[in-house]
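*Asks:* As input, take final-v8.cif (mmCIF, C-alpha atoms):
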data_coords
#
loop_
_atom_site.label_atom_id
_atom_site.label_comp_id
_atom_site.auth_asym_id
_atom_site.auth_seq_id
_atom_site.Cartn_x
_atom_site.Cartn_y
_atom_site.Cartn_z
CA MET A 460 0.70 -7.33 -22.86
CA ASN A 461 -1.87 -8.41 -20.31
CA ASN A 462 -2.47 -11.85 -21.80
CA SER A 463 -1.95 -15.46 -20.84
CA SER A 464 0.50 -16.25 -23.62
CA VAL A 465 3.01 -13.66 -22.37
CA SER A 466 2.58 -14.68 -18.73
CA ASP A 467 2.92 -18.37 -19.56
CA PHE A 468 6.28 -17.60 -21.15
CA ARG A 469 7.51 -15.56 -18.16
CA PHE A 470 6.44 -17.78 -15.27
CA SER A 471 7.46 -21.21 -14.05
CA PHE A 472 3.98 -22.60 -14.68
CA PRO A 473 1.33 -21.84 -17.31
CA VAL A 474 -1.88 -20.44 -15.87
CA SER A 475 -3.64 -23.66 -16.90
CA THR A 476 -1.50 -25.54 -14.34
CA LEU A 477 -2.57 -23.19 -11.55
CA GLN A 478 -6.19 -23.64 -12.58
CA GLN A 479 -5.86 -27.43 -12.51
CA ILE A 480 -4.24 -27.38 -9.08
CA ALA A 481 -7.14 -25.25 -7.84
CA ARG A 482 -9.66 -27.74 -9.27
CA ASP A 483 -7.81 -30.64 -7.64
CA ILE A 484 -7.88 -28.88 -4.27
CA LEU A 485 -11.63 -28.33 -4.46
CA THR A 486 -12.14 -31.98 -5.41
CA PHE A 487 -9.94 -33.34 -2.61
CA ALA A 488 -11.67 -31.07 -0.08
CA LYS A 489 -15.13 -32.28 -1.08
CA GLN A 490 -14.01 -35.90 -0.99
CA GLY A 491 -12.58 -35.32 2.49
CA GLY A 492 -15.87 -34.08 3.89
CA ALA A 493 -15.62 -30.32 3.45
CA THR A 494 -18.93 -28.55 2.94
CA ALA A 495 -17.13 -25.61 1.31
CA CYS A 496 -13.61 -24.72 0.21
CA GLU A 497 -11.58 -21.88 -1.25
CA THR A 498 -8.01 -21.75 -2.50
CA ASN A 499 -5.42 -19.35 -3.85
CA VAL A 500 -2.58 -20.65 -6.06
CA SER A 501 0.21 -18.29 -7.10
CA ASP A 502 3.51 -18.20 -8.94
CA GLY A 503 5.96 -15.31 -9.31
CA PHE A 504 9.51 -14.06 -9.62
CA GLY A 505 11.59 -11.00 -8.94
CA GLN A 506 14.94 -9.46 -9.82
CA THR A 507 16.63 -6.75 -7.75
CA VAL A 508 19.94 -5.04 -8.50
CA THR A 509 21.62 -2.54 -6.15
CA VAL A 510 24.62 -0.39 -6.99
CA ARG A 511 26.49 1.51 -4.27
CA GLN A 512 29.35 3.94 -4.86
CA GLY A 513 29.52 2.88 -8.49
CA GLU A 514 29.94 -0.81 -7.70
CA VAL A 515 27.44 -3.64 -7.78
CA GLU A 516 26.48 -4.42 -4.21
CA THR A 517 23.73 -7.03 -4.59
CA ILE A 518 22.03 -9.00 -7.33
CA GLU A 519 18.99 -10.94 -6.14
CA TYR A 520 16.74 -13.23 -8.11
CA ASN A 521 13.83 -15.15 -6.70
CA ARG A 522 11.14 -17.52 -7.91
CA ASP A 523 8.25 -18.18 -5.57
CA LYS A 524 5.16 -20.31 -5.65
CA GLY A 525 2.57 -21.22 -3.09
CA LEU A 526 -0.97 -22.29 -2.42
CA SER A 527 -3.32 -21.86 0.50
CA VAL A 528 -6.40 -23.94 1.26
CA THR A 529 -9.31 -22.94 3.48
CA VAL A 530 -11.97 -25.55 4.17
CA PHE A 531 -15.25 -25.38 6.05
CA ILE A 532 -16.99 -28.26 7.75
CA GLY A 533 -20.28 -26.65 8.55
CA GLN A 534 -19.09 -23.53 10.31
CA LYS A 535 -15.79 -24.92 11.46
CA ARG A 536 -12.83 -23.47 9.54
CA GLY A 537 -9.37 -24.85 8.81
CA ASN A 538 -6.49 -23.43 6.78
CA ALA A 539 -3.18 -24.84 5.55
CA SER A 540 -0.60 -23.84 2.96
CA THR A 541 2.44 -25.16 1.10
CA SER A 542 4.96 -24.18 -1.54
CA ASP A 543 5.06 -27.72 -2.93
CA PHE A 544 2.87 -28.22 -6.02
CA SER A 545 3.25 -32.01 -6.20
CA MET A 546 0.01 -34.00 -6.13
CA GLN A 547 0.95 -35.64 -2.81
CA ALA A 548 1.72 -32.27 -1.21
CA VAL A 549 -1.59 -30.84 -2.44
CA GLN A 550 -3.49 -33.79 -0.96
CA ASP A 551 -1.57 -33.52 2.32
CA THR A 552 -2.28 -29.79 2.56
CA VAL A 553 -6.01 -30.30 2.05
CA ALA A 554 -5.95 -33.08 4.65
CA ALA A 555 -4.17 -30.79 7.11
CA ALA A 556 -6.79 -28.06 6.61
CA LEU A 557 -9.59 -30.60 7.17
CA SER A 558 -7.92 -31.87 10.33
CA ILE A 559 -7.64 -28.35 11.72
CA ALA A 560 -11.28 -27.63 10.89
CA ARG A 561 -12.49 -30.70 12.80
CA TYR A 562 -10.87 -29.41 16.00
CA THR A 563 -12.02 -25.80 15.59
CA ALA A 564 -15.02 -24.29 17.34
CA ASP A 565 -18.07 -23.28 15.34
CA ASP A 566 -18.11 -19.68 14.13
CA ASP A 567 -21.52 -18.52 12.96
CA CYS A 568 -19.91 -15.93 10.65
CA ALA A 569 -17.52 -18.37 8.95
CA GLY A 570 -18.01 -19.38 5.34
CA LEU A 571 -17.52 -18.36 1.75
CA ALA A 572 -18.82 -15.09 0.37
CA ASP A 573 -22.47 -15.11 -0.62
CA ALA A 574 -22.73 -16.32 -4.22
CA GLU A 575 -24.70 -13.24 -5.35
CA TRP A 576 -21.73 -10.93 -4.65
CA LEU A 577 -19.07 -12.95 -6.50
CA ALA A 578 -17.51 -11.35 -9.56
CA LYS A 579 -19.08 -12.57 -12.78
CA ASP A 580 -17.68 -10.65 -15.75
CA TYR A 581 -14.87 -8.41 -14.60
CA PRO A 582 -12.91 -5.70 -16.42
CA HIS A 583 -9.47 -5.91 -17.97
CA LEU A 584 -7.39 -3.56 -15.81
CA SER A 585 -3.96 -3.59 -17.52
CA LEU A 586 -2.09 -4.75 -14.43
CA TYR A 587 0.64 -6.79 -16.08
CA TYR A 588 3.58 -5.32 -17.98
CA PRO A 589 6.61 -7.62 -18.14
CA TRP A 590 9.93 -5.81 -17.92
CA ALA A 591 12.51 -7.76 -19.89
CA ILE A 592 15.50 -5.94 -18.40
CA THR A 593 18.77 -7.85 -18.10
CA VAL A 594 20.97 -7.67 -15.02
CA GLU A 595 23.53 -5.70 -17.04
CA GLU A 596 20.91 -3.17 -18.11
CA ALA A 597 19.64 -2.84 -14.55
CA ILE A 598 23.18 -2.18 -13.33
CA GLU A 599 23.61 0.61 -15.88
CA LEU A 600 20.31 2.23 -14.86
CA ALA A 601 21.27 2.06 -11.19
CA LYS A 602 24.68 3.61 -11.93
CA LYS A 603 23.05 6.47 -13.85
CA CYS A 604 20.70 7.04 -10.92
CA GLU A 605 23.48 7.19 -8.34
CA GLN A 606 25.75 9.30 -10.56
CA SER A 607 22.97 11.86 -10.97
CA ALA A 608 22.66 12.05 -7.19
CA TYR A 609 26.39 12.59 -6.67
CA ALA A 610 26.38 15.31 -9.34
CA VAL A 611 23.90 17.44 -7.39
CA ASP A 612 26.37 18.79 -4.82
CA LYS A 613 29.92 18.08 -3.65
CA ARG A 614 28.55 17.73 -0.11
CA ILE A 615 27.03 14.39 -1.08
CA THR A 616 29.75 12.13 0.23
CA ASN A 617 28.20 8.68 0.50
CA SER A 618 25.44 6.50 -0.82
CA GLU A 619 23.12 3.82 0.49
CA GLY A 620 22.67 2.69 -3.08
CA ALA A 621 20.43 2.87 -6.11
CA THR A 622 18.12 -0.08 -6.71
CA ILE A 623 16.22 -1.37 -9.73
CA SER A 624 13.56 -3.95 -8.94
CA VAL A 625 11.32 -6.15 -11.11
CA SER A 626 8.42 -8.14 -9.67
CA GLU A 627 5.89 -10.23 -11.61
CA SER A 628 3.32 -12.73 -10.39
CA GLN A 629 0.13 -14.52 -11.34
CA PHE A 630 -2.61 -16.11 -9.25
CA ILE A 631 -5.79 -18.12 -9.38
CA TYR A 632 -8.50 -17.88 -6.73
CA ALA A 633 -11.25 -20.51 -6.77
CA ASN A 634 -14.01 -21.66 -4.46
CA SER A 635 -16.61 -24.41 -4.28
CA LEU A 636 -19.40 -22.06 -5.37
CA GLY A 637 -18.03 -22.37 -8.90
CA PHE A 638 -15.95 -19.20 -8.93
CA MET A 639 -12.50 -19.26 -10.53
CA GLY A 640 -10.56 -16.16 -11.53
CA GLY A 641 -7.12 -14.61 -11.61
CA TYR A 642 -4.66 -12.66 -13.68
CA PRO A 643 -0.98 -11.72 -13.88
CA LEU A 644 0.42 -8.68 -12.07
CA SER A 645 3.60 -6.62 -12.24
CA ARG A 646 5.18 -4.08 -9.91
CA HIS A 647 8.48 -2.44 -10.83
CA SER A 648 10.44 0.17 -8.90
CA MET A 649 13.52 2.40 -8.84
CA SER A 650 15.00 3.99 -5.73
CA CYS A 651 18.03 5.91 -4.51
CA ALA A 652 19.21 6.95 -1.02
CA MET A 653 22.11 9.36 -0.47
CA ILE A 654 24.08 10.85 2.43
CA ALA A 655 25.19 14.49 2.52
CA GLU A 656 27.82 15.87 4.90
CA GLN A 657 28.78 19.34 6.08
CA ASP A 658 31.05 20.06 9.05
CA ASP A 659 29.91 17.58 11.71
CA SER A 660 26.43 17.15 10.26
CA LYS A 661 25.30 14.20 8.17
CA GLN A 662 21.88 13.84 6.61
CA ARG A 663 20.22 11.09 4.61
CA ASP A 664 17.26 11.22 2.29
CA TYR A 665 15.87 9.24 -0.62
CA TRP A 666 13.40 9.12 -3.49
CA TYR A 667 11.70 6.26 -5.29
CA CYS A 668 8.94 5.47 -7.74
CA VAL A 669 6.74 2.42 -8.37
CA ALA A 670 4.65 1.44 -11.40
CA ARG A 671 2.95 -1.51 -13.06
CA ASP A 672 4.63 -0.55 -16.33
CA ALA A 673 8.36 0.24 -16.35
CA ALA A 674 7.64 2.85 -19.03
CA ASP A 675 5.77 4.84 -16.37
CA LEU A 676 8.74 5.01 -13.98
CA GLU A 677 10.52 8.33 -13.59
CA SER A 678 13.95 8.46 -15.21
CA PRO A 679 16.99 7.26 -13.22
CA GLU A 680 18.47 10.75 -13.59
CA PHE A 681 15.37 12.31 -12.01
CA ILE A 682 15.27 9.81 -9.13
CA GLY A 683 18.96 10.34 -8.37
CA GLU A 684 18.80 14.12 -8.59
CA LYS A 685 15.74 14.21 -6.34
CA ALA A 686 17.41 11.97 -3.73
CA GLY A 687 20.57 14.08 -3.82
CA MET A 688 18.74 17.39 -3.52
CA ARG A 689 16.63 16.20 -0.61
CA SER A 690 19.73 15.01 1.26
CA VAL A 691 21.58 18.30 0.80
CA GLN A 692 18.57 20.40 1.73
CA ARG A 693 18.45 18.74 5.15
CA LEU A 694 21.96 19.86 6.12
CA GLY A 695 22.07 22.31 9.00
CA ALA A 696 18.87 21.00 10.58
CA ARG A 697 17.93 22.57 13.89
CA LYS A 698 15.62 21.93 16.81
CA ILE A 699 12.75 24.30 17.44
CA ALA A 700 10.86 25.41 20.53
CA THR A 701 7.59 23.70 21.42
CA CYS A 702 4.64 25.42 19.75
CA ASP A 703 1.13 24.99 18.33
CA VAL A 704 1.21 25.73 14.61
CA PRO A 705 -0.22 24.61 11.25
CA VAL A 706 1.41 21.45 9.91
CA LEU A 707 1.79 20.53 6.24
CA PHE A 708 2.28 16.83 5.52
CA GLU A 709 4.29 16.36 2.31
CA ALA A 710 2.48 14.22 -0.29
CA PRO A 711 4.54 10.99 0.11
CA ILE A 712 3.62 10.77 3.81
CA ALA A 713 0.20 12.46 3.66
CA SER A 714 -1.23 9.24 2.23
CA GLY A 715 -0.59 7.71 5.66
CA LEU A 716 -3.41 9.84 7.05
CA ILE A 717 -5.83 7.99 4.75
CA GLY A 718 -4.32 4.75 6.03
CA HIS A 719 -5.20 5.65 9.63
CA PHE A 720 -8.77 6.39 8.58
CA ALA A 721 -9.05 3.17 6.55
CA SER A 722 -7.77 1.12 9.48
CA ALA A 723 -10.26 2.74 11.85
CA VAL A 724 -13.26 1.95 9.61
CA SER A 725 -12.15 -1.55 8.60
CA GLY A 726 -14.18 -4.54 9.74
CA GLY A 727 -11.68 -6.06 12.17
CA SER A 728 -11.27 -2.83 14.13
CA LEU A 729 -15.01 -2.22 14.17
CA TYR A 730 -16.28 -5.59 15.33
CA ARG A 731 -13.54 -5.79 17.97
CA LYS A 732 -14.53 -2.26 19.03
CA SER A 733 -10.90 -1.17 18.88
CA SER A 734 -11.48 1.94 16.76
CA PHE A 735 -11.92 5.65 17.48
CA LEU A 736 -14.46 5.78 14.63
CA LEU A 737 -17.10 3.30 15.83
CA ASP A 738 -20.59 3.87 14.39
CA SER A 739 -19.25 6.61 12.13
CA ILE A 740 -21.42 6.02 9.05
CA GLY A 741 -23.41 9.19 8.51
CA GLN A 742 -21.09 11.18 10.76
CA ARG A 743 -18.99 14.14 9.62
CA VAL A 744 -15.46 12.94 10.38
CA PHE A 745 -13.51 15.17 7.96
CA ALA A 746 -13.64 18.84 7.05
CA PRO A 747 -16.80 19.61 5.02
CA ASP A 748 -15.18 19.69 1.55
CA ILE A 749 -13.20 16.43 1.87
CA GLN A 750 -13.93 13.45 -0.39
CA ILE A 751 -12.38 9.98 -0.28
CA ARG A 752 -13.12 7.77 -3.27
CA GLU A 753 -12.27 4.12 -3.79
CA LEU A 754 -11.44 3.38 -7.44
CA PRO A 755 -10.65 -0.35 -7.78
CA HIS A 756 -10.81 -0.37 -11.58
CA LEU A 757 -8.13 2.20 -12.40
CA HIS A 758 -6.06 0.95 -15.33
CA LYS A 759 -2.49 0.29 -14.19
CA GLY A 760 -3.53 1.13 -10.62
CA LEU A 761 -1.15 -0.18 -7.97
CA ALA A 762 -4.09 -1.40 -5.88
CA SER A 763 -6.58 -2.10 -8.67
CA SER A 764 -8.46 -5.38 -8.48
CA ALA A 765 -11.46 -6.89 -10.22
CA PHE A 766 -12.40 -8.88 -7.12
CA ASP A 767 -11.28 -9.13 -3.52
CA ASP A 768 -9.71 -12.05 -1.64
CA ASP A 769 -13.17 -13.58 -1.21
CA GLY A 770 -13.93 -13.40 -4.94
CA VAL A 771 -16.39 -10.55 -4.36
CA ALA A 772 -16.66 -8.03 -7.19
CA THR A 773 -15.08 -4.67 -6.37
CA VAL A 774 -17.02 -1.47 -7.05
CA GLU A 775 -16.21 2.21 -7.33
CA ARG A 776 -17.68 4.18 -4.43
CA ASN A 777 -17.52 7.33 -2.33
CA VAL A 778 -16.26 6.35 1.10
CA VAL A 779 -16.36 9.93 2.38
CA ALA A 780 -18.55 12.59 0.77
CA ASP A 781 -18.40 16.23 1.93
CA GLY A 782 -16.63 15.05 5.08
CA VAL A 783 -19.30 12.47 5.96
CA VAL A 784 -18.49 8.75 6.18
CA GLN A 785 -20.56 6.79 3.65
CA GLY A 786 -19.23 3.27 4.23
CA TYR A 787 -16.72 0.95 5.83
CA PHE A 788 -14.14 -1.53 4.46
CA LEU A 789 -15.59 -5.00 5.00
CA SER A 790 -14.80 -8.56 4.02
CA SER A 791 -17.54 -11.19 3.96
CA TYR A 792 -16.56 -12.32 7.46
CA SER A 793 -16.39 -8.87 9.07
CA ALA A 794 -19.63 -7.86 7.34
CA ARG A 795 -21.41 -10.81 8.95
CA LYS A 796 -19.91 -9.93 12.33
CA LEU A 797 -21.37 -6.44 12.00
CA GLY A 798 -24.68 -7.49 10.45
CA MET A 799 -23.80 -5.67 7.25
CA ARG A 800 -22.97 -6.42 3.62
CA THR A 801 -19.46 -6.99 2.28
CA THR A 802 -17.87 -4.03 0.51
CA GLY A 803 -15.41 -6.14 -1.51
CA ASN A 804 -12.46 -5.29 0.73
CA ALA A 805 -11.23 -8.71 1.86
CA GLY A 806 -7.47 -8.27 1.60
CA GLY A 807 -7.45 -4.48 1.81
CA THR A 808 -8.41 -1.25 0.08
CA HIS A 809 -8.29 -0.47 -3.64
CA ASN A 810 -6.90 2.93 -4.72
CA LEU A 811 -8.21 5.33 -2.09
CA ILE A 812 -8.01 8.92 -3.33
CA LEU A 813 -8.18 11.88 -0.89
CA GLN A 814 -9.53 15.04 -2.55
CA ASN A 815 -11.13 18.38 -1.82
CA ALA A 816 -13.00 20.85 -3.97
CA VAL A 817 -10.03 22.89 -5.18
CA PRO A 818 -6.61 21.18 -4.99
CA GLN A 819 -3.77 23.69 -4.74
CA ASN A 820 -0.17 23.58 -5.86
CA PHE A 821 2.53 23.10 -3.26
CA GLU A 822 3.65 26.73 -3.25
CA SER A 823 0.07 27.85 -2.59
CA LEU A 824 -0.09 25.51 0.40
CA LEU A 825 3.05 27.10 1.85
CA GLN A 826 1.58 30.57 1.35
CA LYS A 827 -1.69 29.51 2.95
CA MET A 828 0.17 28.09 5.96
CA ASP A 829 2.31 31.25 6.25
CA THR A 830 4.22 30.09 9.36
CA GLY A 831 4.42 26.51 10.56
CA LEU A 832 5.98 23.13 9.98
CA LEU A 833 6.43 21.18 6.74
CA VAL A 834 6.83 17.48 7.63
CA THR A 835 8.80 15.35 5.18
CA GLU A 836 9.61 12.34 7.37
CA LEU A 837 7.81 10.54 10.18
CA LEU A 838 9.37 8.22 12.74
CA GLY A 839 7.81 5.64 15.04
CA HIS A 840 4.23 4.42 15.26
CA GLY A 841 2.66 6.48 18.03
CA ILE A 842 -0.99 6.10 17.09
CA ASN A 843 -3.62 4.83 19.53
CA PRO A 844 -6.28 3.16 17.35
CA VAL A 845 -8.88 3.22 20.16
CA THR A 846 -8.64 6.92 21.05
CA GLY A 847 -7.13 8.38 17.88
CA ASP A 848 -4.28 10.00 19.81
CA TYR A 849 -1.40 10.74 17.45
CA SER A 850 2.22 11.36 18.43
CA ARG A 851 5.16 10.72 16.12
CA GLY A 852 8.75 11.76 15.71
CA ALA A 853 9.26 13.98 12.68
CA SER A 854 11.66 16.04 10.64
CA GLY A 855 11.15 18.57 7.88
CA TYR A 856 11.33 22.35 7.44
CA TRP A 857 10.29 25.42 9.34
CA ILE A 858 8.20 27.76 7.19
CA GLU A 859 8.09 31.54 7.68
CA HIS A 860 5.88 33.83 5.60
CA GLY A 861 5.23 31.06 3.09
CA ASP A 862 8.91 30.27 2.45
CA ILE A 863 11.21 27.51 3.69
CA ALA A 864 13.39 29.05 6.39
CA TYR A 865 15.53 26.10 7.54
CA PRO A 866 15.43 22.33 8.08
CA VAL A 867 14.37 20.95 11.48
CA GLU A 868 14.87 17.61 13.21
CA GLU A 869 14.39 15.82 16.54
CA ILE A 870 10.83 17.02 17.01
CA THR A 871 7.51 15.34 17.78
CA ILE A 872 4.15 16.25 16.30
CA ALA A 873 1.05 15.45 18.33
CA GLY A 874 -2.72 15.72 18.10
CA ASN A 875 -5.79 13.54 17.76
CA LEU A 876 -6.79 12.07 14.42
CA LYS A 877 -10.39 13.24 14.83
CA ASP A 878 -9.19 16.83 15.21
CA MET A 879 -6.64 16.39 12.42
CA PHE A 880 -9.25 15.11 9.96
CA GLN A 881 -11.62 17.95 10.84
CA GLY A 882 -8.73 20.39 10.64
CA ILE A 883 -7.72 19.71 7.01
CA VAL A 884 -7.80 23.14 5.38
CA ALA A 885 -6.20 22.35 2.02
CA ILE A 886 -4.93 19.49 -0.15
CA GLY A 887 -2.26 19.74 -2.81
CA ASN A 888 -2.35 18.58 -6.41
CA ASP A 889 1.16 17.11 -6.01
CA ILE A 890 0.06 13.47 -5.71
CA VAL A 891 2.83 10.87 -5.58
CA VAL A 892 1.44 7.41 -6.45
CA ARG A 893 3.23 4.67 -4.55
CA GLY A 894 0.53 2.37 -3.21
CA SER A 895 -3.13 1.84 -2.40
CA LYS A 896 -3.66 5.30 -0.88
CA GLN A 897 -3.12 8.55 -2.76
CA SER A 898 -3.10 12.15 -1.67
CA GLY A 899 -1.42 15.43 -2.40
CA SER A 900 0.22 17.32 0.46
CA VAL A 901 -2.22 17.91 3.33
CA LEU A 902 -2.37 21.10 5.39
CA ILE A 903 -3.81 20.76 8.91
CA ASP A 904 -4.83 23.91 10.78
CA ARG A 905 -3.05 23.21 14.06
CA MET A 906 -0.97 20.57 15.86
CA THR A 907 1.41 20.57 18.79
CA VAL A 908 5.05 20.50 17.76
CA ALA A 909 7.29 19.44 20.63
CA GLY A 910 10.93 20.51 20.41
CA ASP A 911 13.30 22.05 22.94
#
Rewrite the coordinates I just gave you, this time as structure tokens.
*Replies:*
Amino acid sequence: MNNSSVSDFRFSFPVSTLQQIARDILTFAKQGGATACETNVSDGFGQTVTVRQGEVETIEYNRDKGLSVTVFIGQKRGNASTSDFSMQAVQDTVAAALSIARYTADDDCAGLADAEWLAKDYPHLSLYYPWAITVEEAIELAKKCEQSAYAVDKRITNSEGATISVSESQFIYANSLGFMGGYPLSRHSMSCAMIAEQDDSKQRDYWYCVARDAADLESPEFIGEKAGMRSVQRLGARKIATCDVPVLFEAPIASGLIGHFASAVSGGSLYRKSSFLLDSIGQRVFAPDIQIRELPHLHKGLASSAFDDDGVATVERNVVADGVVQGYFLSSYSARKLGMRTTGNAGGTHNLILQNAVPQNFESLLQKMDTGLLVTELLGHGINPVTGDYSRGASGYWIEHGDIAYPVEEITIAGNLKDMFQGIVAIGNDIVVRGSKQSGSVLIDRMTVAGD
């Protein structure tokens, strides 16, 4: 399915049109006095259908296109963008970028990626699977999803809706070093959020899944049942007394811990010296058996990419090995600022996987914790990127002797990310893939839980 003939049929423009626009931009930039230029031209569409309480609530359809132009005059940089693909608009956008560059100060790190790191021959990653679902079919799937949620328990009294979403796009990146590449992408999803009620208590929870290929989505019945069960299980939530206990982050939110690490060792944070992990290469930051791998070439991967936003080839690598940091996440620009080499991470990370030597099932993690807190939802953004201090609102379940005792709410969990990373004692095999960072549930030896 991952071929130009299918994508040409699905999109507003054939890929050859995007390629020609990119060539025109490079030509206009050179004629205007640019010493270097890069551009990204994209085209896409989406369809979203939401059903609530058995009735269609929203039907959304969008078609989007856009292009961005970055020009360099020596080491002066200018950028402009437009959603107008007409020849005049393209010329005007290039002219605007050139005008900005002329009034910009020199930056000795500005410029295109070094030619030697650009992707040459790159792999076919199976990232595009068109989903030819009609609005009527999407409505029926959403209804099945919501009906399955209501069927879980009579205490489910309301719904925030079940949603079926289709998203497909294609892009071309090109620069004046002769690089031109791109491919189509798809990202489809299904979600459901329900409200359960008992006495004066109301609780809300949800479940969703995301995939490149709609055939890989969980069934609407499963999504609905999971959302319904999670909502009901939260009824009767209590507060707890302040304590220091082990904390188990459920898989869907445990991936956020990798996100905090990735942010701390990304180029922008490092060269601005706004990170708690400065100069961490070669340092043991995690518990000794922790590995973090970056796998940019996973087939159907939600964050797979053959090259980054600079056109630099992506590579598989160990970012953390046996708890020790092996590398950072750098674009061409941030690498120059740090006197290092790009890691192919302009635009972000590519399928980061948190692992340890022996992943355990979820029940084993509860038994290992014995007594403590299972966190299933986090609130707020209380992370200090400079110190690593961590404090967030949370809800979940109190665990006693390895079993769920009761749901808890209105609590805060606090610690420091350095201590939390070092304190990882186990990782689950219950990975939920929803984005660029993947992890099973993560058990941390001790955090402060603030309650009554």
*Asks:* Once the PyMOL selection byres ((chain A and resi 854) around 12) has been evaluated on this model, what residues remain selected, and can you format them as an MDAnalysis selection string?
*Replies:* chainID A and resid 662:664 693:694 696:699 706:709 712 832:839 851:853 855:857 865:872 908:910
*Asks:* Distance table requested - region 514-629 of chain A against region 750-760 of chain A, cut-off 7 Å, all atoms listed in the file: one row per qualifying residue with the closest atom pair and its distance in Å to one decimal, ordered by chain and rising residue number, as CSV.
*Replies:*
residue,atom,partner,partner_atom,distance
A:Leu584,CA,A:His758,CA,4.7
A:Ser585,CA,A:Lys759,CA,5.3
A:Leu586,CA,A:Lys759,CA,5.1
*Asks:* Give me the result of the PyMOL selection byres ((chain A and resi 721-737) around 8) on this file, residue by residue, as a ChimeraX atom specification.
*Replies:* /A:717-720,738-739,787-790,793-794,796-797,808,844-847
*Asks:* As an exercise, work out the distance from CA of Glu656 (chain A) to CA of Ile615 (chain A) in Å and give it to one decimal place.
*Replies:*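 According to the coordinates, CA of Glu656 (chain A) and CA of Ile615 (chain A) are separated by 6.2 Å.
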*Asks:* Can you list what the PyMOL selection byres ((chain A and resi 492) around 12) grabs from this structure, as a PyMOL selection string?
*Replies:* chain A and resi 485-491+493-496+530-533+535+553-554+556-558+560-561
*Asks:* Quick check, in Å to one decimal: how far apart do CA of His860 (chain A) and CA of Ile883 (chain A) lie?
*Replies:*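 For CA of His860 (chain A) relative to CA of Ile883 (chain A), the distance reads 19.7 Å.
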*Asks:* Using Å and a single decimal, report how far CA of Ser626 (chain A) sits from CA of Cys651 (chain A).
*Replies:*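 Those two atoms sit 17.8 Å apart.
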*Asks:* Extract, using all atoms listed in the file, all DNA, RNA and protein residues at most 9 Å from Ile559 (chain A), discarding same-chain residues fewer than 3 positions from it, and format them as a ChimeraX atom specification.
*Replies:* /A:535-539,554-556,562-563
*Asks:* Report as a list in words all protein, DNA and RNA residues lying within 9 Å of Leu477 (chain A), evaluated on all atoms listed in the file, omitting residues in the same chain fewer than 6 positions from it.
*Replies:* Val500, Ser501, Asp502, Phe630 and Ile631 of chain A
*Asks:* Box in all listed atoms of region 618-631 of chain A, axis-aligned, with 8 Å more on each side; write out centre and edge lengths in Å to one decimal as AutoDock Vina command-line options.
*Replies:*
--center_x 9.8 --center_y -5.8 --center_z -5.6 --size_x 47.2 --size_y 40.6 --size_z 28.1
*Asks:* From the options A:Ser791, A:Thr593, A:Asn499, A:Asn815, which residue's atoms come nearest to Cys568 (chain A), counting only C-alpha atoms?
*Replies:*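 Closest to Cys568 (chain A) of all the choices is A:Ser791.
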*Asks:* Residues near Ala772 (chain A), anyone? I mean within 6 Å using only C-alpha atoms, not counting same-chain ones fewer than 2 positions away, as a ChimeraX atom specification.
*Replies:* /A:577-578,766
*Asks:* May I ask which of the residues A:Val474, A:Ile903, A:Ile740, A:Ala805 is the closest one to Val771 (chain A), counting all atoms listed in the file?
*Replies:* A:Ala805
*Asks:* Measuring between all atoms listed in the file, which one of A:Lys877, A:Arg800, A:Lys603, A:Lys896 shows the shortest distance to Arg511 (chain A)?
*Replies:*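 Closest candidate: A:Lys603.
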*Asks:* Taking only C-alpha atoms into account, which of A:Gln512, A:Asn804, A:Gln657, A:Ser635 comes nearest Gln606 (chain A)?
*Replies:*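 Checking each of A:Gln512, A:Asn804, A:Gln657, A:Ser635 against Gln606 (chain A), counting only C-alpha atoms, the winner is A:Gln512.
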*Asks:* Got a sec to check which residues sit within 8 Å of (4.7, 31.4, -2.8), counting all atoms listed in the file, and write them as a ChimeraX atom specification?
*Replies:* /A:822-823,825-826,861-862
*Asks:* Please, can region 559-565 of chain A be completed to N, CA and C atoms and returned as an mmCIF file, in the frame of the given file?
*Replies:*
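Result written to out-v1.cif:
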data_model
loop_
_atom_site.group_PDB
_atom_site.id
_atom_site.type_symbol
_atom_site.label_atom_id
_atom_site.label_comp_id
_atom_site.auth_asym_id
_atom_site.auth_seq_id
_atom_site.Cartn_x
_atom_site.Cartn_y
_atom_site.Cartn_z
ATOM 1 N N ILE A 559 -7.539 -29.540 10.878
ATOM 2 C CA ILE A 559 -7.640 -28.350 11.720
ATOM 3 C C ILE A 559 -9.101 -27.966 11.913
ATOM 4 N N ALA A 560 -9.873 -28.018 10.816
ATOM 5 C CA ALA A 560 -11.280 -27.630 10.890
ATOM 6 C C ALA A 560 -12.056 -28.496 11.888
ATOM 7 N N ARG A 561 -11.746 -29.782 11.927
ATOM 8 C CA ARG A 561 -12.490 -30.700 12.800
ATOM 9 C C ARG A 561 -12.288 -30.369 14.282
ATOM 10 N N TYR A 562 -11.164 -29.734 14.607
ATOM 11 C CA TYR A 562 -10.870 -29.410 16.000
ATOM 12 C C TYR A 562 -11.137 -27.940 16.327
ATOM 13 N N THR A 563 -11.755 -27.228 15.404
ATOM 14 C CA THR A 563 -12.020 -25.800 15.590
ATOM 15 C C THR A 563 -13.460 -25.586 16.045
ATOM 16 N N ALA A 564 -13.665 -24.601 16.868
ATOM 17 C CA ALA A 564 -15.020 -24.290 17.340
ATOM 18 C C ALA A 564 -15.856 -23.703 16.215
ATOM 19 N N ASP A 565 -17.153 -23.886 16.304
ATOM 20 C CA ASP A 565 -18.070 -23.280 15.340
ATOM 21 C C ASP A 565 -17.980 -21.761 15.405
#
